[in-house]
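Report on the structure given below.
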Amino acid sequence: MSTKTWLSQAAIFDQNDPLKSCRDLFHIPLHQGEEVAYFTGNSLGLQPKTARGYVEKVMKDWERMGVEGHFYSDEPWWEYHERLAAPLAGIVGAKTSEVSVMNTLTVNLHFLMVSFYRPQGKRFKILCEEKAFPSDQYMLQSQLRFHGYDPKEALIEVPKRAGEDFWREADILEAIETHGETLALVLMGGLNYYNGQVLPMASITAKAKEIGAFVGWDLAHAAGNIPLDLHKWGVDFASWCSYKYLNSGPGNAAAIYVHEQYHNRTDLPRFEGWWGTDKGLRFKMQDSFVPMKNADAWQLSNASILSMAPFLASLEIFQSIGMNALWKKQQKLVVFLEQVIQEIGNQSSMEIRILTPKQRGSQLSVYFGSQGREIFNALMSKGIVTDWREPNVMRFAPVPLYNSFGDIARLATGLEEAIKETSN
Ligand SMILES: *Cc1c(COP(=O)(O)O)cnc(C)c1O
C-alpha cells in the first residue's frame with residue numbers, strides 16, 4: 001500500500017467507526033497548533049473533558065462547606081470511593097464487593113502481599129515473569145528480603161526462550177509445576193509493559209491454585225484495555241493504576257480486587273486503618289477494628305477525593321460506552337497498525353520487527369534494527385507521540401476511545417518519512 005492508500009483506507013474506516021465521536025470527549029494535546037497523533041495512552045491516558053468539572057465540584061464543595069462536605073455534600077466524601085467500585089468491577093470482571101479504590105499501584109501490591117504472601121517452611125518462593133516492570137521487581141525483592149529470604153533463591157523469574165520475544169504458556173505452567181509446593185505466590189503482570197503480550201491469566205491462575213499458591217495480577221496495562229474475568233478465573237487479588245488506559249490523570253488513585261472468599265476471613269492478616277472499618281462504626285472511634293465485609297476492608301486512610309474525582313469522570317465514560325464496543329474497535333485499530341508496520345518493514349532495508357504476539361491489547365512494540373532513537377525524535381517533531389524503550393524499541397498504543405484510524409495513517413506516513421530522513 002502507498003501512503004495515499006493508507007490515508008484513504010483510514011478515512012473509510014473512520015467514517016464507518018461507530019465510536020468516532022468518542023474522541024470529542026477528550027482533550028487532544030496540540031503540537032504547533034495541531035492535534036497530535038497520540039500513541040502513549042498506555043503510559044498516560046488523555047484527559048476526559050468532563051474531568052475538570054468533577055474536580056471543580058469537589059473544590060466548590062470544599063470552598064462552601066469545609067469539613068461538612070464529608071457528609072453533607074450531595075456527593076459526600078466519606079463514601080465517595082464507593083461510586084467507583086461498580087464501573088471498575090465491570091471493567092475487570094469482578095463483583096462490585098471485590099473492588100476498592102485506594103493509594104497507588106505499588107503501594108497496594110505491597111499491602112496485598114501482607115495478606116497473600118505468607119511464606120512458611122519450604123513454601124516461600126515467588127514466581128513472576130523475567131524482566132517484570134522495575135517497580136514490581138523492586139517490590140518483590142524487598143518483600144522477600146523483609147521476610148528474611150534471598151531474592152536470588154526465592155524469586156523465580158520465568159524466561160522467554162532464546163531468540164524469542166514472548167513467553168510461552170507451556171513454559172510458565174511448567175515452571176509453576178516444577179516449583180510446586182515451594183511456591184507461596186505467583187504474581188505477574190497480566191499484560192507485559194514491554195512486549196505488549198497478554199499472559200494466559202486463566203490457565204496460570206488455575207495452575208497456581210492447583211499447586212497451592214496464592215495468585216495475584218498486576219493489571220497496570222490490562223485494566224481498561226483487554227477483557228478480564230478475575231472472579232471467574234478465581235484470581236485471589238489484583239491491583240491496577242488508573243492513569244494508563246483508565247485516563248484518570250497523572251499518579252491518580254489505584255484500584256484493588258480481592259476475591260470474595262477472603263472478605264470475612266479472620267485468619268488472614270492485613271494491615272488495617274480506619275477507612276477499612278465498618279462504615280457504621282467508622283466515626284464511633286472505637287478501639288477495635290470491625291472490617292468492612294468487602295474489599296474496602298483493605299483500605300487504610302480516608303479517600304483522596306481530588307484524585308478520585310477525575311477517575312470517576314473517566315469511569316462514567318467507560319460505563320456509557322461499554323468494554324465490548326471498545327474491544328471491537330481496538331482489534332481493528334491494532335490490525336491496521338500491524339499491517340502498516342509490516343509493509344513499512346518489508347519496504348525498508350532496516351530491520352523492523354513487531355515483538356508483540358497475537359495475544360495482545362492496544363499496544364504493539366516494534367524493534368528497529370538501527371536509528372531507532374532518531375526515528376523516534378523525528379516522529380515527535382511531526383507531532384506523532386510514541387514511546388521509546390531501550391534498546392531500539394518503540395511502543396505504539398492506539399486507544400479505541402480517542403485514537404482514529406487516521407492517526408495510524410499519519411504514523412505510517414511519518415514513519416516512512418522518518419526512515420528516509422534518518423537513513424540519508
Ligand atoms: C505503570 C506500572 C506500574 C506503576 O506503578 P505505580 O505504583 O503506579 O507508580 C507498576 N507496575 C506495572 C506493571 C506498570 O505497568
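Chain lettering (A, B, ...) mirrors the order of the C-alpha cells, residue numbering begins at 1 for each chain separately, and ligand numbering begins at 1 in order of display.
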With only C-alpha atoms and all ligand atoms counted, collect every polymer residue having an atom within 6 Å of ligand 1; state the result as a PDB file with N, CA and C atoms, in the first residue's frame.
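Dumped to pocket-v8.pdb:
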ATOM      1  N   THR A 104      -1.880   3.957  45.564  1.00  0.00           N
ATOM      2  CA  THR A 104      -1.349   3.802  44.203  1.00  0.00           C
ATOM      3  C   THR A 104      -0.904   2.350  44.031  1.00  0.00           C
ATOM      4  N   LEU A 105      -0.533   1.999  42.821  1.00  0.00           N
ATOM      5  CA  LEU A 105      -0.372   0.582  42.483  1.00  0.00           C
ATOM      6  C   LEU A 105       0.687  -0.160  43.311  1.00  0.00           C
ATOM      7  N   THR A 106       1.910   0.352  43.320  1.00  0.00           N
ATOM      8  CA  THR A 106       2.974  -0.374  44.024  1.00  0.00           C
ATOM      9  C   THR A 106       2.639  -0.477  45.515  1.00  0.00           C
ATOM     10  N   PHE A 133       8.118  -5.290  35.186  1.00  0.00           N
ATOM     11  CA  PHE A 133       8.216  -3.829  35.339  1.00  0.00           C
ATOM     12  C   PHE A 133       9.103  -3.542  36.562  1.00  0.00           C
ATOM     13  N   SER A 135       9.308  -1.491  39.006  1.00  0.00           N
ATOM     14  CA  SER A 135       8.714  -1.305  40.330  1.00  0.00           C
ATOM     15  C   SER A 135       8.275  -2.650  40.915  1.00  0.00           C
ATOM     16  N   ASP A 136       7.783  -3.523  40.071  1.00  0.00           N
ATOM     17  CA  ASP A 136       7.360  -4.853  40.535  1.00  0.00           C
ATOM     18  C   ASP A 136       8.563  -5.672  40.992  1.00  0.00           C
ATOM     19  N   GLY A 189       2.575  -9.651  35.760  1.00  0.00           N
ATOM     20  CA  GLY A 189       1.893  -8.593  35.013  1.00  0.00           C
ATOM     21  C   GLY A 189       0.983  -9.228  33.975  1.00  0.00           C
ATOM     22  N   TYR A 193       4.361  -4.816  29.978  1.00  0.00           N
ATOM     23  CA  TYR A 193       4.517  -3.419  29.558  1.00  0.00           C
ATOM     24  C   TYR A 193       5.485  -3.291  28.390  1.00  0.00           C
ATOM     25  N   ASP A 218      -0.789  -7.962  38.494  1.00  0.00           N
ATOM     26  CA  ASP A 218      -0.607  -6.531  38.298  1.00  0.00           C
ATOM     27  C   ASP A 218      -1.245  -6.212  36.950  1.00  0.00           C
ATOM     28  N   ALA A 220      -1.732  -3.174  35.514  1.00  0.00           N
ATOM     29  CA  ALA A 220      -1.476  -1.793  35.096  1.00  0.00           C
ATOM     30  C   ALA A 220      -1.796  -1.567  33.621  1.00  0.00           C
ATOM     31  N   HIS A 221      -1.340  -2.487  32.773  1.00  0.00           N
ATOM     32  CA  HIS A 221      -1.536  -2.323  31.331  1.00  0.00           C
ATOM     33  C   HIS A 221      -2.756  -3.079  30.808  1.00  0.00           C
ATOM     34  N   CYS A 241      -3.209   0.568  38.257  1.00  0.00           N
ATOM     35  CA  CYS A 241      -3.225   2.014  38.317  1.00  0.00           C
ATOM     36  C   CYS A 241      -4.321   2.518  37.387  1.00  0.00           C
TER      37      CYS A 241
END
*Extract, using only C-alpha atoms, all DNA, RNA and protein residues at most 12 Å from Glu34 (chain A), discarding same-chain residues fewer than 6 positions from it, and format them as a ChimeraX atom specification.*
/A:28,382-384
*If you run DSSP on the backbone, which residues of region 202-317 of chain A are strand (DSSP E or B), as a PyMOL selection string?*
chain A and resi 214-218+237-240+254-258+277+291
*Within 9 Å of Leu155 (chain A), counting only C-alpha atoms, which residues qualify if same-chain residues fewer than 6 places away don't, as a list of chain:residue names?*
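Non-adjacent residues within range: A:Lys125, A:Ile126, A:Leu127, A:Cys128, A:Leu140, A:Gln141, A:Leu144.
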Selection above as a file: N, CA and C atoms, as a PDB file, in the first residue's frame:
ATOM      1  N   LYS A 125       8.693 -19.306  47.992  1.00  0.00           N
ATOM      2  CA  LYS A 125       9.133 -18.640  46.755  1.00  0.00           C
ATOM      3  C   LYS A 125       8.010 -17.831  46.085  1.00  0.00           C
ATOM      4  N   ILE A 126       8.442 -16.840  45.313  1.00  0.00           N
ATOM      5  CA  ILE A 126       7.512 -16.049  44.497  1.00  0.00           C
ATOM      6  C   ILE A 126       7.902 -16.236  43.031  1.00  0.00           C
ATOM      7  N   LEU A 127       6.919 -16.465  42.197  1.00  0.00           N
ATOM      8  CA  LEU A 127       7.182 -16.617  40.763  1.00  0.00           C
ATOM      9  C   LEU A 127       6.604 -15.437  39.987  1.00  0.00           C
ATOM     10  N   CYS A 128       7.429 -14.897  39.070  1.00  0.00           N
ATOM     11  CA  CYS A 128       6.961 -13.823  38.186  1.00  0.00           C
ATOM     12  C   CYS A 128       7.617 -14.002  36.820  1.00  0.00           C
ATOM     13  N   LEU A 140       8.972  -7.023  44.760  1.00  0.00           N
ATOM     14  CA  LEU A 140       9.104  -8.444  45.103  1.00  0.00           C
ATOM     15  C   LEU A 140      10.419  -8.704  45.844  1.00  0.00           C
ATOM     16  N   GLN A 141      11.500  -8.089  45.354  1.00  0.00           N
ATOM     17  CA  GLN A 141      12.785  -8.293  46.029  1.00  0.00           C
ATOM     18  C   GLN A 141      12.733  -7.780  47.462  1.00  0.00           C
ATOM     19  N   LEU A 144      10.711 -10.051  49.723  1.00  0.00           N
ATOM     20  CA  LEU A 144      11.454 -11.260  50.081  1.00  0.00           C
ATOM     21  C   LEU A 144      12.480 -10.965  51.167  1.00  0.00           C
TER      22      LEU A 144
END
*Would you kindly return, as JSON, numbers by chain, each protein, DNA or RNA residue with an atom no farther than 9 Å from any atom of Ala10 (chain A), considering only C-alpha atoms and excluding same-chain residues fewer than 6 positions away?*
{"A": [336, 404, 405, 406, 407, 408, 409]}
*Spatial neighbours of Ala303 (chain A), max dist 12 Å, only C-alpha atoms, sep filter under 2 positions, as an MDAnalysis selection string*: chainID A and resid 70 76:84 100:104 252:255 273:276 296 299:301 305:309
*asked:* Need the shell around region 111-123 of chain A: protein/DNA/RNA residues with any atom at most 9 Å away, counting only C-alpha atoms. Skip same-chain ones fewer than 6 positions apart. Format as a list in words?
replied: Gln143, His147, Gly180, Glu181, Thr182, Leu183, Ala184, Leu185, Ala213, Phe214, Val215, Gly216, Asp236, Phe237, Ala238, Ser239, Ile256, Val258, Leu268, Pro269, Arg270, Phe271 and Trp298 of chain A
Quick one: write out the picked residues with N, CA, C and O atoms as a PDB file, in the first residue's frame?
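Output below, filename selection26.pdb:
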ATOM      1  N   GLN A 143      10.116  -7.348  49.395  1.00  0.00           N
ATOM      2  CA  GLN A 143       9.239  -8.196  50.220  1.00  0.00           C
ATOM      3  C   GLN A 143       9.987  -9.451  50.675  1.00  0.00           C
ATOM      4  O   GLN A 143       9.886  -9.849  51.831  1.00  0.00           O
ATOM      5  N   HIS A 147      11.049 -10.541  54.557  1.00  0.00           N
ATOM      6  CA  HIS A 147      10.699 -11.799  55.215  1.00  0.00           C
ATOM      7  C   HIS A 147      11.937 -12.675  55.483  1.00  0.00           C
ATOM      8  O   HIS A 147      11.789 -13.816  55.899  1.00  0.00           O
ATOM      9  N   GLY A 180       6.266 -26.068  42.320  1.00  0.00           N
ATOM     10  CA  GLY A 180       5.215 -26.692  43.110  1.00  0.00           C
ATOM     11  C   GLY A 180       5.064 -26.207  44.529  1.00  0.00           C
ATOM     12  O   GLY A 180       4.746 -25.040  44.766  1.00  0.00           O
ATOM     13  N   GLU A 181       5.301 -27.097  45.466  1.00  0.00           N
ATOM     14  CA  GLU A 181       4.992 -26.755  46.857  1.00  0.00           C
ATOM     15  C   GLU A 181       6.025 -25.832  47.515  1.00  0.00           C
ATOM     16  O   GLU A 181       5.886 -25.510  48.700  1.00  0.00           O
ATOM     17  N   THR A 182       7.027 -25.369  46.728  1.00  0.00           N
ATOM     18  CA  THR A 182       7.913 -24.334  47.285  1.00  0.00           C
ATOM     19  C   THR A 182       7.400 -22.933  46.939  1.00  0.00           C
ATOM     20  O   THR A 182       7.938 -21.949  47.410  1.00  0.00           O
ATOM     21  N   LEU A 183       6.363 -22.871  46.116  1.00  0.00           N
ATOM     22  CA  LEU A 183       5.830 -21.564  45.701  1.00  0.00           C
ATOM     23  C   LEU A 183       4.758 -21.080  46.676  1.00  0.00           C
ATOM     24  O   LEU A 183       3.758 -21.758  46.898  1.00  0.00           O
ATOM     25  N   ALA A 184       4.983 -19.880  47.219  1.00  0.00           N
ATOM     26  CA  ALA A 184       3.960 -19.282  48.079  1.00  0.00           C
ATOM     27  C   ALA A 184       3.043 -18.371  47.274  1.00  0.00           C
ATOM     28  O   ALA A 184       1.877 -18.196  47.616  1.00  0.00           O
ATOM     29  N   LEU A 185       3.603 -17.781  46.212  1.00  0.00           N
ATOM     30  CA  LEU A 185       2.846 -16.768  45.476  1.00  0.00           C
ATOM     31  C   LEU A 185       3.272 -16.716  44.018  1.00  0.00           C
ATOM     32  O   LEU A 185       4.462 -16.779  43.708  1.00  0.00           O
ATOM     33  N   ALA A 213      -0.566 -22.330  45.656  1.00  0.00           N
ATOM     34  CA  ALA A 213      -0.017 -20.979  45.871  1.00  0.00           C
ATOM     35  C   ALA A 213      -1.139 -19.948  45.759  1.00  0.00           C
ATOM     36  O   ALA A 213      -2.158 -20.187  45.118  1.00  0.00           O
ATOM     37  N   PHE A 214      -0.926 -18.794  46.360  1.00  0.00           N
ATOM     38  CA  PHE A 214      -1.798 -17.648  46.082  1.00  0.00           C
ATOM     39  C   PHE A 214      -1.419 -17.087  44.716  1.00  0.00           C
ATOM     40  O   PHE A 214      -0.270 -17.231  44.274  1.00  0.00           O
ATOM     41  N   VAL A 215      -2.384 -16.433  44.071  1.00  0.00           N
ATOM     42  CA  VAL A 215      -2.063 -15.833  42.781  1.00  0.00           C
ATOM     43  C   VAL A 215      -2.657 -14.432  42.670  1.00  0.00           C
ATOM     44  O   VAL A 215      -3.827 -14.198  42.981  1.00  0.00           O
ATOM     45  N   GLY A 216      -1.771 -13.502  42.268  1.00  0.00           N
ATOM     46  CA  GLY A 216      -2.190 -12.107  42.114  1.00  0.00           C
ATOM     47  C   GLY A 216      -1.714 -11.569  40.772  1.00  0.00           C
ATOM     48  O   GLY A 216      -0.769 -12.090  40.178  1.00  0.00           O
ATOM     49  N   ASP A 236      -6.909 -14.505  43.230  1.00  0.00           N
ATOM     50  CA  ASP A 236      -7.006 -14.134  44.645  1.00  0.00           C
ATOM     51  C   ASP A 236      -7.026 -12.618  44.832  1.00  0.00           C
ATOM     52  O   ASP A 236      -7.834 -12.092  45.585  1.00  0.00           O
ATOM     53  N   PHE A 237      -6.082 -11.939  44.171  1.00  0.00           N
ATOM     54  CA  PHE A 237      -6.028 -10.481  44.335  1.00  0.00           C
ATOM     55  C   PHE A 237      -5.405  -9.840  43.100  1.00  0.00           C
ATOM     56  O   PHE A 237      -4.749 -10.521  42.302  1.00  0.00           O
ATOM     57  N   ALA A 238      -5.614  -8.560  42.955  1.00  0.00           N
ATOM     58  CA  ALA A 238      -5.029  -7.819  41.833  1.00  0.00           C
ATOM     59  C   ALA A 238      -5.021  -6.344  42.189  1.00  0.00           C
ATOM     60  O   ALA A 238      -5.729  -5.907  43.102  1.00  0.00           O
ATOM     61  N   SER A 239      -4.198  -5.599  41.466  1.00  0.00           N
ATOM     62  CA  SER A 239      -4.248  -4.146  41.590  1.00  0.00           C
ATOM     63  C   SER A 239      -3.879  -3.533  40.246  1.00  0.00           C
ATOM     64  O   SER A 239      -3.224  -4.169  39.424  1.00  0.00           O
ATOM     65  N   ILE A 256      -7.965  -1.952  43.742  1.00  0.00           N
ATOM     66  CA  ILE A 256      -7.631  -3.324  44.109  1.00  0.00           C
ATOM     67  C   ILE A 256      -8.833  -4.228  43.870  1.00  0.00           C
ATOM     68  O   ILE A 256      -9.981  -3.774  43.819  1.00  0.00           O
ATOM     69  N   VAL A 258     -10.021  -8.036  45.512  1.00  0.00           N
ATOM     70  CA  VAL A 258      -9.773  -9.150  46.419  1.00  0.00           C
ATOM     71  C   VAL A 258     -10.955 -10.114  46.286  1.00  0.00           C
ATOM     72  O   VAL A 258     -12.119  -9.706  46.469  1.00  0.00           O
ATOM     73  N   LEU A 268      -6.593 -14.399  58.018  1.00  0.00           N
ATOM     74  CA  LEU A 268      -5.713 -13.786  57.033  1.00  0.00           C
ATOM     75  C   LEU A 268      -5.258 -12.424  57.556  1.00  0.00           C
ATOM     76  O   LEU A 268      -6.081 -11.540  57.763  1.00  0.00           O
ATOM     77  N   PRO A 269      -3.944 -12.230  57.760  1.00  0.00           N
ATOM     78  CA  PRO A 269      -3.515 -10.933  58.298  1.00  0.00           C
ATOM     79  C   PRO A 269      -3.658  -9.830  57.258  1.00  0.00           C
ATOM     80  O   PRO A 269      -3.774 -10.100  56.070  1.00  0.00           O
ATOM     81  N   ARG A 270      -3.642  -8.607  57.756  1.00  0.00           N
ATOM     82  CA  ARG A 270      -3.856  -7.466  56.865  1.00  0.00           C
ATOM     83  C   ARG A 270      -3.374  -6.241  57.635  1.00  0.00           C
ATOM     84  O   ARG A 270      -3.512  -6.191  58.853  1.00  0.00           O
ATOM     85  N   PHE A 271      -2.782  -5.273  56.962  1.00  0.00           N
ATOM     86  CA  PHE A 271      -2.501  -4.005  57.631  1.00  0.00           C
ATOM     87  C   PHE A 271      -3.777  -3.173  57.545  1.00  0.00           C
ATOM     88  O   PHE A 271      -4.351  -3.039  56.472  1.00  0.00           O
ATOM     89  N   TRP A 298      -9.547  -3.537  53.060  1.00  0.00           N
ATOM     90  CA  TRP A 298      -8.109  -3.357  52.855  1.00  0.00           C
ATOM     91  C   TRP A 298      -7.715  -1.879  52.803  1.00  0.00           C
ATOM     92  O   TRP A 298      -6.542  -1.542  52.748  1.00  0.00           O
TER      93      TRP A 298
END
_Can you pull out every residue from region 290-371 of chain A that DSSP, working from the backbone, puts in helix (DSSP H, G or I), and format the result as a ChimeraX atom specification?_
/A:295-298,305-321,323-347
*For Ile344 (chain A), the nearest of the candidates A:Ala297, A:Trp6, A:Ser288, A:Phe26, counting only C-alpha atoms*: A:Trp6
_Measuring between only C-alpha atoms, which one of A:Thr413, A:Asn264, A:Ser73, A:Thr422 shows the shortest distance to Ser370 (chain A)?_
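Distance minimum relative to Ser370 (chain A) lands on A:Thr422.
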_Best match for closeness to Gln331 (chain A) among A:Ser314, A:Asn225, A:Ile354, A:Asn377, counting only C-alpha atoms_ =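 The answer is A:Asn225, which sits nearest to Gln331 (chain A).
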*Two-atom distance - CA of Pro159 (chain A), CA of Val235 (chain A) (Å)*: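 Computing it gives 22.6 Å between the two atoms.
Here CA of Leu281 (chain A) and CA of Glu260 (chain A) stand 21.6 Å from one another.
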_Å distance separating CA of His31 (chain A) from CA of Glu343 (chain A), one decimal place_ = 27.3 Å
